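Student: What follows is the file target36.txt, containing compact mmCIF, C-alpha atoms and all ligand atoms:
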```txt
# COMPACT_ATOMS: atom_id res chain seq x y z
CA MET A 1 -44.63 53.45 -24.94
CA THR A 2 -42.43 52.68 -27.94
CA ASP A 3 -43.71 52.75 -31.50
CA LEU A 4 -42.25 51.54 -34.78
CA THR A 5 -43.16 52.32 -38.39
CA PHE A 6 -42.09 49.92 -41.12
CA LEU A 7 -40.49 51.95 -43.92
CA GLY A 8 -39.75 48.80 -45.94
CA THR A 9 -40.48 45.10 -45.45
CA GLY A 10 -39.03 43.43 -48.56
CA THR A 11 -36.00 41.24 -49.11
CA SER A 12 -32.94 42.46 -51.02
CA ASN A 13 -34.58 42.50 -54.48
CA GLY A 14 -37.66 44.32 -53.25
CA VAL A 15 -41.16 43.19 -54.29
CA PRO A 16 -42.17 43.30 -57.10
CA MET A 17 -38.82 42.16 -58.50
CA ILE A 18 -37.65 43.62 -61.79
CA GLY A 19 -38.97 41.47 -64.64
CA CYS A 20 -40.97 38.99 -62.50
CA ARG A 21 -44.57 38.14 -63.43
CA CYS A 22 -45.33 35.85 -60.47
CA PRO A 23 -48.66 36.21 -58.60
CA VAL A 24 -47.11 38.24 -55.74
CA CYS A 25 -45.10 40.57 -58.02
CA THR A 26 -48.27 41.25 -60.06
CA SER A 27 -50.64 41.32 -57.04
CA GLY A 28 -53.17 44.16 -56.75
CA ASP A 29 -52.81 44.14 -52.93
CA PRO A 30 -50.76 47.24 -51.98
CA ARG A 31 -49.34 45.25 -49.03
CA ASP A 32 -47.48 43.10 -51.59
CA ARG A 33 -45.39 46.13 -52.66
CA ARG A 34 -42.37 45.90 -50.40
CA SER A 35 -39.41 48.26 -50.48
CA ARG A 36 -36.10 47.31 -48.87
CA THR A 37 -36.16 46.63 -45.11
CA SER A 38 -35.90 49.53 -42.67
CA VAL A 39 -37.90 50.98 -39.76
CA VAL A 40 -38.16 54.17 -37.73
CA VAL A 41 -38.66 53.78 -33.97
CA ARG A 42 -39.79 56.40 -31.47
CA HIS A 43 -38.49 55.38 -28.06
CA GLY A 44 -37.81 57.34 -24.86
CA GLY A 45 -38.33 60.68 -26.61
CA VAL A 46 -35.91 59.99 -29.48
CA THR A 47 -36.52 59.10 -33.13
CA LEU A 48 -34.23 56.35 -34.39
CA LEU A 49 -33.82 55.17 -37.95
CA ILE A 50 -32.72 51.53 -38.25
CA ASP A 51 -30.73 51.04 -41.49
CA THR A 52 -30.64 53.24 -44.59
CA ALA A 53 -32.44 51.08 -47.12
CA THR A 54 -32.15 51.57 -50.87
CA GLU A 55 -35.43 53.54 -50.97
CA LEU A 56 -34.69 55.76 -47.91
CA ARG A 57 -35.61 58.94 -49.78
CA THR A 58 -39.03 57.74 -50.96
CA GLN A 59 -39.67 56.00 -47.63
CA ALA A 60 -38.99 59.24 -45.70
CA LEU A 61 -41.16 61.26 -48.08
CA GLY A 62 -43.92 58.64 -47.73
CA ILE A 63 -44.31 59.12 -43.98
CA GLY A 64 -43.15 62.76 -43.73
CA LEU A 65 -39.97 61.83 -41.83
CA ASP A 66 -37.89 65.02 -41.51
CA HIS A 67 -35.89 64.41 -38.33
CA VAL A 68 -33.88 61.55 -36.88
CA ASP A 69 -31.84 61.70 -33.68
CA ALA A 70 -29.60 58.75 -34.57
CA VAL A 71 -29.25 55.83 -36.97
CA LEU A 72 -28.72 52.22 -35.86
CA PHE A 73 -27.26 49.79 -38.39
CA THR A 74 -28.01 46.05 -38.33
CA HIS A 75 -25.31 45.18 -40.89
CA ALA A 76 -23.79 46.62 -44.06
CA HIS A 77 -25.47 44.60 -46.85
CA ALA A 78 -26.44 46.69 -49.88
CA ASP A 79 -30.21 46.53 -49.26
CA HIS A 80 -29.70 48.02 -45.75
CA THR A 81 -27.21 50.73 -46.77
CA GLY A 82 -28.23 51.72 -50.32
CA GLY A 83 -29.84 54.95 -49.06
CA PHE A 84 -26.82 55.96 -46.94
CA ASP A 85 -26.06 59.14 -48.89
CA ASP A 86 -29.58 60.48 -48.21
CA LEU A 87 -28.58 60.90 -44.54
CA ARG A 88 -27.05 64.22 -45.61
CA ARG A 89 -30.54 65.66 -45.87
CA PHE A 90 -31.05 65.07 -42.13
CA ASN A 91 -27.74 66.88 -41.48
CA GLU A 92 -28.90 69.79 -43.58
CA LEU A 93 -32.31 70.02 -41.89
CA ALA A 94 -30.87 69.85 -38.34
CA GLN A 95 -27.60 71.70 -39.09
CA ARG A 96 -25.62 69.24 -37.03
CA HIS A 97 -23.71 65.96 -37.10
CA LEU A 98 -25.74 62.78 -36.94
CA ALA A 99 -24.76 59.94 -34.63
CA ILE A 100 -24.75 56.47 -36.16
CA TYR A 101 -24.28 53.15 -34.32
CA ALA A 102 -23.05 49.81 -35.63
CA GLY A 103 -21.25 46.66 -34.48
CA PRO A 104 -17.45 46.61 -35.13
CA GLU A 105 -17.57 44.57 -38.38
CA THR A 106 -20.40 46.68 -39.78
CA ALA A 107 -18.64 49.91 -38.74
CA ALA A 108 -15.50 48.84 -40.64
CA LEU A 109 -17.55 48.05 -43.75
CA LEU A 110 -19.40 51.39 -43.58
CA ARG A 111 -16.06 53.27 -43.34
CA HIS A 112 -14.85 51.34 -46.41
CA LYS A 113 -18.00 51.53 -48.54
CA PHE A 114 -18.73 55.19 -47.78
CA ALA A 115 -15.18 56.49 -47.22
CA TYR A 116 -16.08 59.92 -48.65
CA ALA A 117 -18.47 60.51 -45.75
CA PHE A 118 -15.76 59.97 -43.13
CA GLU A 119 -13.02 62.05 -44.80
CA ASP A 120 -12.72 65.81 -45.26
CA VAL A 121 -15.46 67.19 -43.01
CA PHE A 122 -17.17 69.98 -44.95
CA PRO A 123 -17.51 73.47 -43.42
CA PHE A 124 -21.29 73.23 -43.99
CA TYR A 125 -23.95 70.53 -43.70
CA GLY A 126 -25.65 68.92 -46.68
CA GLY A 127 -22.99 68.15 -49.32
CA LYS A 128 -22.41 64.69 -47.89
CA PRO A 129 -23.39 62.80 -44.75
CA ASP A 130 -21.65 64.25 -41.65
CA LEU A 131 -21.63 61.43 -39.17
CA THR A 132 -20.20 60.41 -35.83
CA LEU A 133 -19.81 56.63 -35.96
CA HIS A 134 -20.10 54.81 -32.62
CA GLU A 135 -19.09 51.16 -32.39
CA VAL A 136 -21.51 49.12 -30.32
CA ASP A 137 -20.29 46.37 -28.00
CA GLY A 138 -23.12 46.26 -25.45
CA PRO A 139 -26.12 48.26 -24.19
CA PHE A 140 -25.88 52.01 -24.78
CA GLY A 141 -27.96 55.16 -24.34
CA ILE A 142 -29.05 57.92 -26.69
CA ALA A 143 -30.34 61.01 -24.84
CA GLY A 144 -31.47 58.79 -21.98
CA ALA A 145 -33.14 56.12 -24.11
CA GLU A 146 -31.58 52.71 -23.40
CA ILE A 147 -30.85 50.41 -26.34
CA VAL A 148 -29.78 46.78 -26.06
CA PRO A 149 -28.06 45.22 -29.10
CA ILE A 150 -29.15 41.66 -29.90
CA PRO A 151 -26.36 39.74 -31.75
CA VAL A 152 -27.62 37.24 -34.35
CA TRP A 153 -26.05 35.34 -37.26
CA HIS A 154 -27.00 35.85 -40.92
CA GLY A 155 -25.02 32.89 -42.26
CA LYS A 156 -21.44 33.94 -41.45
CA THR A 157 -22.31 37.66 -41.21
CA PRO A 158 -22.76 39.10 -37.71
CA VAL A 159 -25.91 41.24 -37.44
CA LEU A 160 -27.29 43.32 -34.59
CA GLY A 161 -30.96 43.42 -33.71
CA TYR A 162 -32.00 46.06 -31.19
CA ARG A 163 -34.22 45.98 -28.11
CA LEU A 164 -35.82 49.33 -27.27
CA GLY A 165 -37.72 48.93 -24.02
CA ASP A 166 -40.49 46.37 -24.56
CA LEU A 167 -40.02 46.27 -28.34
CA ALA A 168 -37.33 44.35 -30.22
CA TYR A 169 -36.42 44.50 -33.91
CA VAL A 170 -34.38 41.67 -35.43
CA THR A 171 -33.85 41.32 -39.17
CA ASP A 172 -31.59 39.25 -41.43
CA ALA A 173 -31.19 36.49 -38.84
CA LYS A 174 -30.76 32.82 -39.62
CA ASP A 175 -29.63 31.89 -36.12
CA VAL A 176 -30.66 33.60 -32.88
CA PRO A 177 -28.25 32.19 -30.24
CA ALA A 178 -29.56 31.23 -26.80
CA SER A 179 -27.80 34.22 -25.17
CA SER A 180 -29.63 36.57 -27.55
CA ARG A 181 -32.97 34.83 -26.96
CA GLY A 182 -32.34 35.61 -23.29
CA LEU A 183 -32.02 39.33 -24.13
CA LEU A 184 -35.46 39.15 -25.80
CA THR A 185 -37.20 37.72 -22.74
CA GLY A 186 -40.28 39.68 -21.72
CA VAL A 187 -40.65 41.82 -24.87
CA ASP A 188 -44.20 42.95 -25.60
CA VAL A 189 -43.70 43.30 -29.36
CA LEU A 190 -41.14 41.37 -31.43
CA VAL A 191 -40.25 42.01 -35.07
CA LEU A 192 -38.39 39.15 -36.75
CA ASN A 193 -37.39 38.36 -40.34
CA ALA A 194 -39.04 35.55 -42.33
CA LEU A 195 -38.12 35.22 -45.99
CA ARG A 196 -40.52 32.57 -47.31
CA GLU A 197 -41.96 29.17 -46.40
CA ARG A 198 -39.08 27.00 -47.62
CA PRO A 199 -35.64 27.13 -45.93
CA HIS A 200 -32.84 29.51 -46.97
CA PRO A 201 -29.15 29.30 -45.95
CA THR A 202 -28.92 32.83 -44.45
CA HIS A 203 -32.49 33.87 -43.58
CA LEU A 204 -35.13 32.42 -41.27
CA SER A 205 -38.01 30.72 -43.05
CA LEU A 206 -41.60 31.29 -41.95
CA PRO A 207 -41.75 28.09 -39.82
CA GLU A 208 -38.33 28.83 -38.26
CA ALA A 209 -39.41 32.38 -37.36
CA VAL A 210 -42.69 31.13 -35.85
CA GLU A 211 -40.77 28.67 -33.67
CA ILE A 212 -38.55 31.47 -32.28
CA VAL A 213 -41.51 33.79 -31.71
CA GLU A 214 -43.36 31.04 -29.83
CA GLU A 215 -40.31 30.43 -27.62
CA ILE A 216 -39.94 34.15 -26.78
CA GLY A 217 -43.70 34.58 -26.29
CA PRO A 218 -44.35 38.28 -27.03
CA ARG A 219 -47.93 39.65 -26.99
CA GLU A 220 -47.59 40.46 -30.70
CA ALA A 221 -45.04 39.61 -33.38
CA TYR A 222 -44.56 40.93 -36.92
CA LEU A 223 -42.53 39.38 -39.71
CA THR A 224 -40.45 41.40 -42.16
CA HIS A 225 -37.81 41.03 -44.96
CA ILE A 226 -40.29 38.95 -47.00
CA SER A 227 -39.62 37.70 -50.54
CA HIS A 228 -41.95 37.46 -53.55
CA GLU A 229 -42.52 33.79 -52.73
CA LEU A 230 -44.92 34.80 -49.95
CA GLY A 231 -48.01 36.95 -50.50
CA HIS A 232 -49.34 39.10 -47.66
CA ARG A 233 -52.77 37.43 -47.59
CA GLU A 234 -51.21 33.95 -47.83
CA ALA A 235 -48.86 34.77 -44.91
CA ILE A 236 -51.80 35.87 -42.72
CA ASP A 237 -53.53 32.55 -43.45
CA LEU A 238 -50.39 30.52 -42.64
CA LEU A 239 -49.53 32.27 -39.35
CA PRO A 240 -50.87 31.50 -35.88
CA THR A 241 -52.83 34.12 -33.90
CA GLY A 242 -50.61 36.91 -32.60
CA ILE A 243 -48.10 36.77 -35.49
CA LEU A 244 -48.70 38.92 -38.57
CA PRO A 245 -46.74 39.82 -41.68
CA ALA A 246 -45.68 43.49 -41.62
CA HIS A 247 -46.20 45.76 -44.61
CA ASP A 248 -44.64 49.05 -45.71
CA GLY A 249 -46.15 51.99 -43.80
CA LEU A 250 -47.54 49.92 -40.90
CA THR A 251 -47.11 51.43 -37.42
CA ILE A 252 -47.12 49.20 -34.34
CA ARG A 253 -46.72 50.07 -30.67
CA THR A 254 -46.10 48.51 -27.29
CA CYS A 255 -48.84 48.33 -24.66
CA PRO A 256 -48.58 51.52 -22.55
ZN ZN B 301 -31.40 42.29 -45.95
ZN ZN B 302 -42.16 37.60 -58.32
ZN ZN B 303 -28.43 40.97 -45.15
```
Kindly transcribe the structure held in the file into structure tokens.

Tutor:
Amino acid sequence: MTDLTFLGTGTSNGVPMIGCRCPVCTSGDPRDRRSRTSVVVRHGGVTLLIDTATELRTQALGIGLDHVDAVLFTHAHADHTGGFDDLRRFNELAQRHLAIYAGPETAALLRHKFAYAFEDVFPFYGGKPDLTLHEVDGPFGIAGAEIVPIPVWHGKTPVLGYRLGDLAYVTDAKDVPASSRGLLTGVDVLVLNALRERPHPTHLSLPEAVEIVEEIGPREAYLTHISHELGHREAIDLLPTGILPAHDGLTIRTCP
């Protein structure tokens, strides 16, 4: 069995947005409070963090996360990497290097944006992230757990989703190529991004996400990376059976 906890389910501004008085930003439903998109997955005996969202510190405190075996990056946009420096706390707790995984373009951007973390290794853990960066170009293993990268397009930005056994997590996609849809065949649980009802140039809309989910045909699907244009309750009402909006703190699992 694989399980996944949503640390954050909001688009890049987060919800509520600073200074917005719209119905979703002022909603009393706690599920309408969305921090930046990230998840933690427990798969094959390892705990994997996917992305280091802006609120990583408060997200980790919120679910009592004090150990990760590795970090998988989808891409290097600010909302997915804003909490990068907080990885040093996991070094300090475990007293060891932390393995991180990213596609080649994302790896280059991480080395550039967070150069201090990859230079001058400290003689102790905790002052800065101490990381071993692995570039991903196909399926790989972490302590025996197999992980299959799922390449998707986010406008012109290449992004990796990840399949972990019968669960797949894909965010910040606008286009899921046929070859990648093939890699998703047979998943029990699919997580996919859906920004809002109307189209967007670099993110799937709600109808576009539903179409992909229906083609893949998982038992359950959850939508993430949602903007303030879509309330949680409204999304439930719009979606067909078997597809639900995710919310911060939600844990889902595959059928054992
Ligand atoms: Zn994003
Ligand atoms: Zn708003
Ligand atoms: Zn992005």

Student: Please identify every polymer residue within 8 Å of ligand ZN 301 (chain B), using all atoms listed in the file, and present the set as a list in words.

Tutor: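 For ligand ZN 301 (chain B), the residues inside 8 Å are Thr11, Ser12, Arg36, Thr37, His77, Ala78, Asp79, His80, Thr171, Asp172 and His225 of chain A.
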
Student: Which residues are near ligand ZN 303 (chain B) - at most 12 Å, using only C-alpha atoms and all ligand atoms? Format: as a PDB file with C-alpha atoms, in the frame of the given file.

Tutor:
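This went into pocket.pdb:
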```pdb
ATOM      1  CA  GLY A  10     -39.030  43.430 -48.560  1.00  0.00           C
ATOM      2  CA  THR A  11     -36.000  41.240 -49.110  1.00  0.00           C
ATOM      3  CA  SER A  12     -32.940  42.460 -51.020  1.00  0.00           C
ATOM      4  CA  ASN A  13     -34.580  42.500 -54.480  1.00  0.00           C
ATOM      5  CA  ARG A  36     -36.100  47.310 -48.870  1.00  0.00           C
ATOM      6  CA  THR A  37     -36.160  46.630 -45.110  1.00  0.00           C
ATOM      7  CA  SER A  38     -35.900  49.530 -42.670  1.00  0.00           C
ATOM      8  CA  ASP A  51     -30.730  51.040 -41.490  1.00  0.00           C
ATOM      9  CA  ALA A  53     -32.440  51.080 -47.120  1.00  0.00           C
ATOM     10  CA  PHE A  73     -27.260  49.790 -38.390  1.00  0.00           C
ATOM     11  CA  THR A  74     -28.010  46.050 -38.330  1.00  0.00           C
ATOM     12  CA  HIS A  75     -25.310  45.180 -40.890  1.00  0.00           C
ATOM     13  CA  ALA A  76     -23.790  46.620 -44.060  1.00  0.00           C
ATOM     14  CA  HIS A  77     -25.470  44.600 -46.850  1.00  0.00           C
ATOM     15  CA  ALA A  78     -26.440  46.690 -49.880  1.00  0.00           C
ATOM     16  CA  ASP A  79     -30.210  46.530 -49.260  1.00  0.00           C
ATOM     17  CA  HIS A  80     -29.700  48.020 -45.750  1.00  0.00           C
ATOM     18  CA  THR A  81     -27.210  50.730 -46.770  1.00  0.00           C
ATOM     19  CA  GLY A  82     -28.230  51.720 -50.320  1.00  0.00           C
ATOM     20  CA  THR A 106     -20.400  46.680 -39.780  1.00  0.00           C
ATOM     21  CA  VAL A 152     -27.620  37.240 -34.350  1.00  0.00           C
ATOM     22  CA  TRP A 153     -26.050  35.340 -37.260  1.00  0.00           C
ATOM     23  CA  HIS A 154     -27.000  35.850 -40.920  1.00  0.00           C
ATOM     24  CA  GLY A 155     -25.020  32.890 -42.260  1.00  0.00           C
ATOM     25  CA  LYS A 156     -21.440  33.940 -41.450  1.00  0.00           C
ATOM     26  CA  THR A 157     -22.310  37.660 -41.210  1.00  0.00           C
ATOM     27  CA  PRO A 158     -22.760  39.100 -37.710  1.00  0.00           C
ATOM     28  CA  VAL A 159     -25.910  41.240 -37.440  1.00  0.00           C
ATOM     29  CA  LEU A 160     -27.290  43.320 -34.590  1.00  0.00           C
ATOM     30  CA  GLY A 161     -30.960  43.420 -33.710  1.00  0.00           C
ATOM     31  CA  VAL A 170     -34.380  41.670 -35.430  1.00  0.00           C
ATOM     32  CA  THR A 171     -33.850  41.320 -39.170  1.00  0.00           C
ATOM     33  CA  ASP A 172     -31.590  39.250 -41.430  1.00  0.00           C
ATOM     34  CA  ALA A 173     -31.190  36.490 -38.840  1.00  0.00           C
ATOM     35  CA  LYS A 174     -30.760  32.820 -39.620  1.00  0.00           C
ATOM     36  CA  ASN A 193     -37.390  38.360 -40.340  1.00  0.00           C
ATOM     37  CA  LEU A 195     -38.120  35.220 -45.990  1.00  0.00           C
ATOM     38  CA  PRO A 201     -29.150  29.300 -45.950  1.00  0.00           C
ATOM     39  CA  THR A 202     -28.920  32.830 -44.450  1.00  0.00           C
ATOM     40  CA  HIS A 203     -32.490  33.870 -43.580  1.00  0.00           C
ATOM     41  CA  LEU A 204     -35.130  32.420 -41.270  1.00  0.00           C
ATOM     42  CA  HIS A 225     -37.810  41.030 -44.960  1.00  0.00           C
TER      43      HIS A 225
END
```

Student: For a test of reading the model, state the distance in Å between CA of Val189 (chain A) and CA of Ala99 (chain A), rounded to one decimal.

Tutor: 25.8 Å

Student: Which neighbours of Ala60 (chain A) fall inside 10 Å, counting only C-alpha atoms, when residues of the same chain fewer than 4 positions from it are skipped, and could you give them as a PyMOL selection string?

Tutor: chain A and resi 7+40+55-56+64-67+86

Student: In Å, how far is it from CA of Phe84 (chain A) to CA of Pro30 (chain A)?

Tutor: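 Between CA of Phe84 (chain A) and CA of Pro30 (chain A) the gap works out to 26.0 Å.
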
Student: Which protein, DNA or RNA residues are at most 8 Å from (-23.3, 65.7, -46.2) in the file's coordinates when you count only C-alpha atoms, listed as a PyMOL selection string?

Tutor: chain A and resi 85+87-89+91-92+117+122+125-130

Student: For a cutoff of 12 Å around the file-coordinate point (-30.6, 52.1, -26.4), which residues qualify once you count only C-alpha atoms? I'd like the result as a count of residues only.

Tutor: 36
